[in-house]
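Q: Can you read through this structure? Questions will come right after.
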Amino acid sequence: MRRCLALAAVAVSVSAAPVRAAPAVAVFHAAGAGADVAAARDAMAAEARAAHVAWIDATPAPPAPPATGQLLRRGLDAYDALRFEPAATALDGVIAELATTGGDGLSPAELSDAFLYRGLARIQLGDAARAWDDLVGAAILDPVRVLDPVRFPPRAVEAFERARQAVAELPRDPVTVAAPAGCRVTLDGAERSSAELLRGPHFASVRCPGRSPWGARFVVAGPETITAAPAPVAGPDEREVLVQARALGGDAVLVTVTGAAPVALLRRIGLDGRERGRATVALTGTGAPQLAARTLAGLLVDAAPPAPRRWWQSRWVWAAGGAAVAAAVLVPIAVAAGDGATPQVTLRPDGLPW
Amino acid sequence: MVRRAALALCAVAACGDAAPVLAPVIEAPAPPSEADPFPNLEELGMAVALAGDDRDLVAARFERGETVELPGIPYADDLVVHLEGLTGAAQTAYGRTCSFDLRPGVPPPSPHLYFARPVKWADAPRAPARVRIGGWALVAADGSGLFGGGETAADPMPVAEIDRFDPRTGEASELVPLEPRTGAAAARLGDGRIVIIGGVDPGTGGAAAFVELVDPLAGIVDRIDDAGLRVARVGLATAALADGRVVAIGGEPPAGGPTGSVVAIRADGGSLELRPVRAALAFPRADATATRLSDDIGAPVLVVGGRGADGKPIAEAELYKPLREAFADPLTFTAKLSAPRSRHAAVRMPDGSVLVVGGVDGDGVAVRTMELFSPDGGFAPVGALPDDAGVVDMSVTTLPDGRVLLAGGRAPGGPPLDTAFIARLDPLDGSVDLVGTDRLTRPRAGHQALTLCDGTVLLAGGTADEAPAERYNPPPNGRR
């Protein structure tokens, strides 16, 4: 019985210990990650807040889709309204943008439209030489396209048909776009990473989680492998995070989400800028949010320095109070219970021929 | 604070109750098995400890005739009961339970404890006895052993049933049958379910265009059509990644040469994703092994050996990096087997190296050279298997202390063998020691083996006739 009382007193005195000390800061950065990390992020945020650690979601906004589509629409509308000069100007802008976006956000038909309509506008403006180049460019991008004679003037239909026939004689070559794992690759507006393309100018774009968009115009003159190297989105600035952490008087924990999987790298950085601990954890799958929260909790242990204390936050005050309450409650029970049996289990094997 | 005070009050209030009884069920091989632990036993030592902890929480010894009873077991999670038999000062028998929880207010469990002489094989008539050749064995999330796949011995027909043996309760059961097929591979996903892929559909003779997902705890089997034939192959290698995914590497369609493709398999709730990744083996191969190099997330997978398109074994190893979903650059990762082989086995050792044993060369001749792969040194020969060791169709099982048990198998074209060996890393210089251990109760080849949660090895099938499974009590060194 005395042992029970001692255990109970220990339990009460342990419970009187103060909660974890004042917060540090945890910064979450998941550039390019999808909505599937939301549950793990929320679980980690709750864990940080429960530990009185400031939680900052420093995930940058996703990159804005290119405005090429709107500009193309404007150019096509101007052509349909027979305003050929503004149409050509708008489509000049579209085609200039394609060199850096690689046609990201445009369908194969829209990509071909940019060249086709600029060529048709130039025909109307009397610039036949440059119009021919555009029509060939449109036919290279979409060699099976046929213009509707009801919608387009006979001169335009005839010119495009000649361009198509010229293009049909061009050889095709295999083209592959090599991109990091998990990226979405488009070739001439279609989602694919390799294709047999006609010789001439083409467009490729690559979008990856956690990386900046990448796009390029390239000219096929033989079998090609185009290596796309989209730059990773910079993670949170460690120095800035440390400034915030120092202001709060504690360490910082950086949670950086990488990869298509996706996986979080958790790093605890001390006030002196040195790494104090790290862990990796998958953020998706059954039980991943709980695991992520536990992993973060493991790094938050003792991460924060004690906050300024008030007298009622002293462990001794609480211990004394707890002991008094325990004594008031336990002593009468102990007297009533006397020296009974222990609360533990007895091991008695079954089937032992001994 | 209030909750802890209430707990303390409850603990005190419980002082007046009678102590509940934890009654482990002792199972021992029956005479005349050499593994029978009781002959000449003078003393029993019984202890309760936390799983994996060398320190006993409660322990006592009992002389013959004395009542075996151990009071004062504390409530805790992850407890194990150890039972040792002593003759003089020597430990001549040992067994322990799988881990279990003791909680106030919950009736104590009755964990089973296999008590036997160490380093001995004995028939295990209660364990799955269905004989199969060339199936798979996996440990389920609850510690029970699962045995599936393979073919019947006498009249080769696919075995559809999955047998389950739970060492915690000593119960054997049968799960919902699978679709019959041969040559399938199985792997455990992170959520505990088993994914079964590839193989040949005996009905059509073509590739099995479906995947099965087995939930061993719920006893449910889901069949998912693989219309794209993404994993419809035989001889593929699988590896369970640390993040819960499984990768299927290489293999060959029933009509066609080996492929280099890699498919990532991931289960999330009710859906199963089969996603061919961008990476591909530089050397398409079948019958290779895939071994994860550590338990860290993103740990690479080593692909070793196997047959190429010309039917010859491939010497070059390849290293798959799951986070990048790419293979290591072959210009920088140049590890090559000194003895190229297929139908071999590869197993991770405690220091992160990989031991490659057995297999056959391009002419079908046994390869007895063992090779050890280390990330910094590539492959190095580390001795040879003895002439009486199996080189194909053997089982390779990691014991609780990191040593590796090689059991049964055969020489190419030879009869099944009953020999067993233990390989271990020499702690002084990292070389590999190979020592013989007790012979199996009968010759076996193409059998299935796994280490159960109580540290024993259960081995089933691989015989020409209906024979019971058998169980091995490993050397007790480091079993806690």
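Going by the structure tokens order, chains are called A, B, ..., each with residues numbered from 1, while ligands are numbered from 1 in the order shown.
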Report as a list in words all protein, DNA and RNA residues lying within 8 Å of Gly102 (chain A), evaluated on only C-alpha atoms, omitting residues in the same chain fewer than 5 positions from it.

A: Asp188, Phe203, Ala204, Ser205, Trp214, Gly215, Ala216 and Arg217 of chain A

Q: Could you take the residues named above and write them with N, CA and C atoms, as a short mmCIF file (atom, residue, chain, number, x, y, z; two decimals), in the first residue's frame?

A:
data_model
loop_
_atom_site.label_atom_id
_atom_site.label_comp_id
_atom_site.auth_asym_id
_atom_site.auth_seq_id
_atom_site.Cartn_x
_atom_site.Cartn_y
_atom_site.Cartn_z
N ASP A 188 4.69 20.89 -77.90
CA ASP A 188 3.74 21.53 -78.83
C ASP A 188 2.34 21.54 -78.24
N PHE A 203 7.87 23.76 -79.58
CA PHE A 203 7.84 24.35 -78.24
C PHE A 203 7.71 23.26 -77.18
N ALA A 204 8.40 23.46 -76.07
CA ALA A 204 8.31 22.52 -74.95
C ALA A 204 8.12 23.31 -73.67
N SER A 205 7.33 22.77 -72.77
CA SER A 205 7.19 23.41 -71.45
C SER A 205 7.19 22.33 -70.37
N TRP A 214 9.26 26.15 -66.70
CA TRP A 214 10.34 26.20 -67.70
C TRP A 214 9.69 26.04 -69.07
N GLY A 215 10.15 26.84 -70.04
CA GLY A 215 9.62 26.71 -71.38
C GLY A 215 10.67 27.13 -72.40
N ALA A 216 10.56 26.61 -73.60
CA ALA A 216 11.57 26.96 -74.61
C ALA A 216 11.01 26.71 -76.01
N ARG A 217 11.55 27.46 -76.95
CA ARG A 217 11.33 27.19 -78.37
C ARG A 217 12.59 26.51 -78.86
#

Q: Choose the residue, out of A:Ala51, A:Ala234, A:Val185, A:Ala221, that has the smallest atom-to-atom separation from chain B; count only C-alpha atoms.

A: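 Once distances to chain B are computed over only C-alpha atoms, the minimum belongs to A:Val185.
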
Q: Might you pull out every residue within 9 Å of region 164-177 of chain A, with only C-alpha atoms counted and same-chain residues fewer than 4 positions away left off, and present them as JSON, numbers by chain?

A: {"A": [135, 136, 137, 138, 139, 140, 143, 144, 145, 146, 159, 160, 185, 186, 187, 192, 193, 194, 195, 196, 197, 198, 199, 200, 204, 206, 220, 221, 222, 223, 224, 225, 226, 227, 228]}

Q: Could you go through region 165-208 of chain A and tell me which residues DSSP, when run on the backbone, assigns to alpha helix (DSSP H), listing them as a list in words?

A: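 Matching residues for alpha helix (DSSP H) in region 165-208 of chain A are Gln165, Ala166, Val167 and Ala168 of chain A.
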
Q: Please dump the current selection as a compact mmCIF listing (two decimals), in the first residue's frame; keep C-alpha atoms.

A:
# COMPACT_ATOMS: atom_id res chain seq x y z
CA GLN A 165 2.23 20.29 -98.75
CA ALA A 166 5.68 21.77 -98.29
CA VAL A 167 5.77 20.61 -94.71
CA ALA A 168 4.56 17.11 -95.57

Q: What's the 7 Å shell around Asp101 (chain B), counting only C-alpha atoms, without same-chain residues fewer than 4 positions away, as an MDAnalysis selection string?

A: chainID B and resid 76:79

Q: Mind dumping the selected residues with N, CA, C and O atoms as a tab-separated table (two decimals), in the first residue's frame?

A:
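Just written: part-v7.tsv:
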chain	number	residue	atom	x	y	z
B	76	ALA	N	1.98	-2.07	-18.58
B	76	ALA	CA	2.83	-1.36	-19.55
B	76	ALA	C	2.50	-1.87	-20.95
B	76	ALA	O	1.87	-2.92	-21.11
B	77	ASP	N	2.96	-1.12	-21.95
B	77	ASP	CA	2.84	-1.56	-23.34
B	77	ASP	C	4.14	-2.25	-23.74
B	77	ASP	O	5.19	-2.05	-23.13
B	78	ASP	N	4.06	-3.05	-24.80
B	78	ASP	CA	5.24	-3.69	-25.39
B	78	ASP	C	6.01	-4.55	-24.39
B	78	ASP	O	7.24	-4.46	-24.28
B	79	LEU	N	5.30	-5.37	-23.68
B	79	LEU	CA	5.96	-6.30	-22.76
B	79	LEU	C	6.20	-7.63	-23.47
B	79	LEU	O	5.48	-7.99	-24.41

Q: Contacts of region 129-146 of chain B at 6 Å or less, counting only C-alpha atoms, minus same-chain residues fewer than 3 places along, as a PyMOL selection string?

A: chain B and resi 149-152+163-166+192+446-448+453+461-462+468-469

Q: Please identify all polymer residues within 12 Å of Asp92 (chain A), counting only C-alpha atoms, omitting same-chain residues fewer than 3 positions from it, and present them as JSON, numbers by chain.

A: {"A": [68, 71, 72, 74, 75, 76, 85, 86, 87, 88, 89, 95, 96, 97, 98, 99, 114, 115, 116, 117, 118, 119, 121, 122, 134]}

Q: Where does region 373-468 of chain B meet region 349-365 of chain B within 7 Å, residue by residue, with the nearest atom pair and distance in Å to one decimal for each, counting only C-alpha atoms, listed by chain and rising number, as CSV?

A:
residue,atom,partner,partner_atom,distance
B:Phe373,CA,B:Val354,CA,5.0
B:Ser374,CA,B:Ser353,CA,4.7
B:Val391,CA,B:Gly358,CA,4.1
B:Val392,CA,B:Gly359,CA,5.6
B:Gly402,CA,B:Pro350,CA,5.6
B:Pro412,CA,B:Val365,CA,6.9

Q: Taking the DSSP secondary structure from the backbone, can you list the residues of region 98-171 of chain B that are strand (DSSP E or B), as a CSV table (one decimal) with N, CA and C atoms, in the first residue's frame?

A:
chain,number,residue,atom,x,y,z
B,100,PHE,N,3.2,-7.6,-26.1
B,100,PHE,CA,1.8,-7.4,-25.8
B,100,PHE,C,1.6,-6.3,-24.8
B,101,ASP,N,0.4,-5.8,-24.6
B,101,ASP,CA,0.1,-4.7,-23.7
B,101,ASP,C,-0.6,-5.2,-22.5
B,102,LEU,N,-0.3,-4.6,-21.4
B,102,LEU,CA,-1.1,-4.9,-20.2
B,102,LEU,C,-1.7,-3.6,-19.7
B,112,HIS,N,1.0,-16.7,-26.7
B,112,HIS,CA,1.6,-18.0,-26.8
B,112,HIS,C,3.1,-17.9,-26.7
B,113,LEU,N,3.8,-18.9,-26.2
B,113,LEU,CA,5.3,-18.8,-26.0
B,113,LEU,C,5.8,-20.1,-26.5
B,114,TYR,N,6.6,-20.1,-27.6
B,114,TYR,CA,7.2,-21.3,-28.2
B,114,TYR,C,8.5,-21.5,-27.4
B,116,ALA,N,11.7,-24.0,-26.7
B,116,ALA,CA,12.3,-25.2,-27.3
B,116,ALA,C,13.8,-25.0,-27.1
B,120,LYS,N,17.6,-25.6,-32.9
B,120,LYS,CA,17.0,-26.8,-33.3
B,120,LYS,C,15.7,-26.6,-34.2
B,121,TRP,N,15.5,-27.5,-35.1
B,121,TRP,CA,14.3,-27.4,-35.9
B,121,TRP,C,13.3,-28.5,-35.3
B,122,ALA,N,12.1,-28.2,-35.4
B,122,ALA,CA,11.1,-29.1,-35.0
B,122,ALA,C,9.8,-28.9,-35.8
B,123,ASP,N,9.1,-30.0,-36.0
B,123,ASP,CA,7.8,-29.9,-36.7
B,123,ASP,C,6.9,-28.9,-36.0
B,124,ALA,N,6.1,-28.2,-36.8
B,124,ALA,CA,5.1,-27.3,-36.2
B,124,ALA,C,3.8,-27.6,-36.8
B,133,ILE,N,5.2,-25.0,-53.6
B,133,ILE,CA,6.5,-24.9,-54.1
B,133,ILE,C,6.6,-23.5,-54.8
B,134,GLY,N,7.6,-22.7,-54.3
B,134,GLY,CA,7.8,-21.4,-54.9
B,134,GLY,C,6.9,-20.3,-54.6
B,135,GLY,N,6.2,-20.3,-53.5
B,135,GLY,CA,5.3,-19.3,-53.1
B,135,GLY,C,6.1,-18.2,-52.4
B,136,TRP,N,5.3,-17.3,-51.7
B,136,TRP,CA,5.9,-16.2,-50.9
B,136,TRP,C,5.5,-16.3,-49.5
B,137,ALA,N,6.2,-15.6,-48.6
B,137,ALA,CA,5.9,-15.5,-47.2
B,137,ALA,C,6.2,-14.1,-46.7
B,138,LEU,N,5.2,-13.6,-46.0
B,138,LEU,CA,5.4,-12.2,-45.5
B,138,LEU,C,4.8,-12.1,-44.1
B,139,VAL,N,5.4,-11.1,-43.3
B,139,VAL,CA,4.9,-10.9,-42.0
B,139,VAL,C,3.8,-9.8,-42.1
B,145,GLY,N,2.2,-14.6,-39.6
B,145,GLY,CA,2.9,-14.9,-40.9
B,145,GLY,C,1.9,-15.3,-41.9
B,146,LEU,N,2.1,-14.8,-43.2
B,146,LEU,CA,1.3,-15.1,-44.3
B,146,LEU,C,2.0,-15.9,-45.3
B,147,PHE,N,1.4,-17.0,-45.8
B,147,PHE,CA,2.0,-17.8,-46.8
B,147,PHE,C,1.1,-17.9,-48.0
B,148,GLY,N,1.6,-17.6,-49.2
B,148,GLY,CA,0.7,-17.6,-50.4
B,148,GLY,C,1.5,-18.0,-51.7
B,149,GLY,N,0.7,-18.1,-52.7
B,149,GLY,CA,1.3,-18.3,-54.1
B,149,GLY,C,1.8,-19.7,-54.2
B,150,GLY,N,2.6,-19.9,-55.2
B,150,GLY,CA,3.3,-21.2,-55.4
B,150,GLY,C,2.4,-22.2,-56.1
B,151,GLU,N,2.9,-23.4,-56.2
B,151,GLU,CA,2.2,-24.5,-56.9
B,151,GLU,C,2.2,-25.7,-56.0
B,158,PRO,N,-1.6,-24.0,-59.5
B,158,PRO,CA,-1.4,-22.8,-58.6
B,158,PRO,C,-2.2,-23.0,-57.3
B,163,ASP,N,-2.5,-18.9,-46.4
B,163,ASP,CA,-2.5,-19.4,-45.0
B,163,ASP,C,-1.9,-18.4,-44.1
B,164,ARG,N,-2.5,-18.3,-42.9
B,164,ARG,CA,-2.1,-17.3,-41.9
B,164,ARG,C,-1.8,-18.0,-40.6
B,165,PHE,N,-0.7,-17.7,-40.0
B,165,PHE,CA,-0.4,-18.2,-38.7
B,165,PHE,C,-0.1,-17.1,-37.7
B,166,ASP,N,-0.8,-17.0,-36.6
B,166,ASP,CA,-0.6,-16.0,-35.7
B,166,ASP,C,0.2,-16.5,-34.5
B,171,GLU,N,-2.9,-19.6,-33.5
B,171,GLU,CA,-4.0,-20.0,-34.4
B,171,GLU,C,-3.6,-19.9,-35.8

Q: When you draw a straight line from CA of Thr369 (chain B) to CA of Ala186 (chain B), how long is it in Å?

A: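 Computing it gives 27.9 Å between the two atoms.
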
Q: Just want the 12 Å neighbourhood of Gly256 (chain B), counted on only C-alpha atoms, with same-chain residues fewer than 6 positions away dropped. Output as a PDB file with N, CA, C and O atoms, in the first residue's frame.

A:
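Everything below was put into around.pdb:
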ATOM      1  N   GLY B 206      -1.568 -16.377 -70.560  1.00  0.00           N
ATOM      2  CA  GLY B 206      -0.978 -15.055 -70.771  1.00  0.00           C
ATOM      3  C   GLY B 206      -0.712 -14.354 -69.449  1.00  0.00           C
ATOM      4  O   GLY B 206      -0.963 -14.906 -68.372  1.00  0.00           O
ATOM      5  N   ALA B 207      -0.238 -13.135 -69.579  1.00  0.00           N
ATOM      6  CA  ALA B 207       0.076 -12.368 -68.370  1.00  0.00           C
ATOM      7  C   ALA B 207      -1.197 -12.107 -67.569  1.00  0.00           C
ATOM      8  O   ALA B 207      -2.270 -11.924 -68.135  1.00  0.00           O
ATOM      9  N   ALA B 232       2.184  -6.699 -65.602  1.00  0.00           N
ATOM     10  CA  ALA B 232       1.872  -8.058 -66.054  1.00  0.00           C
ATOM     11  C   ALA B 232       3.153  -8.739 -66.538  1.00  0.00           C
ATOM     12  O   ALA B 232       3.442  -8.766 -67.722  1.00  0.00           O
ATOM     13  N   ARG B 233       3.931  -9.234 -65.603  1.00  0.00           N
ATOM     14  CA  ARG B 233       5.225  -9.839 -65.945  1.00  0.00           C
ATOM     15  C   ARG B 233       5.521 -10.976 -64.974  1.00  0.00           C
ATOM     16  O   ARG B 233       4.881 -11.095 -63.940  1.00  0.00           O
ATOM     17  N   VAL B 234       6.500 -11.751 -65.314  1.00  0.00           N
ATOM     18  CA  VAL B 234       7.030 -12.738 -64.377  1.00  0.00           C
ATOM     19  C   VAL B 234       8.489 -12.383 -64.111  1.00  0.00           C
ATOM     20  O   VAL B 234       9.100 -11.647 -64.876  1.00  0.00           O
ATOM     21  N   PRO B 284      17.819  -4.049 -68.900  1.00  0.00           N
ATOM     22  CA  PRO B 284      16.549  -4.748 -68.628  1.00  0.00           C
ATOM     23  C   PRO B 284      16.831  -6.178 -68.171  1.00  0.00           C
ATOM     24  O   PRO B 284      17.710  -6.848 -68.729  1.00  0.00           O
ATOM     25  N   ARG B 285      16.105  -6.633 -67.157  1.00  0.00           N
ATOM     26  CA  ARG B 285      16.427  -7.940 -66.589  1.00  0.00           C
ATOM     27  C   ARG B 285      15.213  -8.569 -65.906  1.00  0.00           C
ATOM     28  O   ARG B 285      14.278  -7.863 -65.517  1.00  0.00           O
ATOM     29  N   ALA B 286      15.275  -9.890 -65.764  1.00  0.00           N
ATOM     30  CA  ALA B 286      14.260 -10.636 -65.013  1.00  0.00           C
ATOM     31  C   ALA B 286      14.992 -11.508 -64.007  1.00  0.00           C
ATOM     32  O   ALA B 286      16.192 -11.790 -64.164  1.00  0.00           O
ATOM     33  N   GLY B 308      19.442 -11.098 -68.679  1.00  0.00           N
ATOM     34  CA  GLY B 308      19.191 -10.090 -69.690  1.00  0.00           C
ATOM     35  C   GLY B 308      18.450 -10.685 -70.876  1.00  0.00           C
ATOM     36  O   GLY B 308      18.012 -11.851 -70.838  1.00  0.00           O
ATOM     37  N   ALA B 309      18.353  -9.905 -71.951  1.00  0.00           N
ATOM     38  CA  ALA B 309      17.607 -10.361 -73.131  1.00  0.00           C
ATOM     39  C   ALA B 309      18.254 -11.589 -73.768  1.00  0.00           C
ATOM     40  O   ALA B 309      17.576 -12.405 -74.394  1.00  0.00           O
ATOM     41  N   ASP B 310      19.575 -11.741 -73.600  1.00  0.00           N
ATOM     42  CA  ASP B 310      20.259 -12.888 -74.198  1.00  0.00           C
ATOM     43  C   ASP B 310      20.249 -14.111 -73.280  1.00  0.00           C
ATOM     44  O   ASP B 310      20.869 -15.127 -73.593  1.00  0.00           O
ATOM     45  N   GLY B 311      19.566 -14.010 -72.172  1.00  0.00           N
ATOM     46  CA  GLY B 311      19.490 -15.140 -71.244  1.00  0.00           C
ATOM     47  C   GLY B 311      20.689 -15.264 -70.332  1.00  0.00           C
ATOM     48  O   GLY B 311      20.718 -16.129 -69.457  1.00  0.00           O
TER      49      GLY B 311
END

Q: To one decimal place in Å, what is the distance between CA of Glu325 (chain B) and CA of Pro313 (chain B)?

A: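 Here the two named atoms are 25.0 Å from each other.
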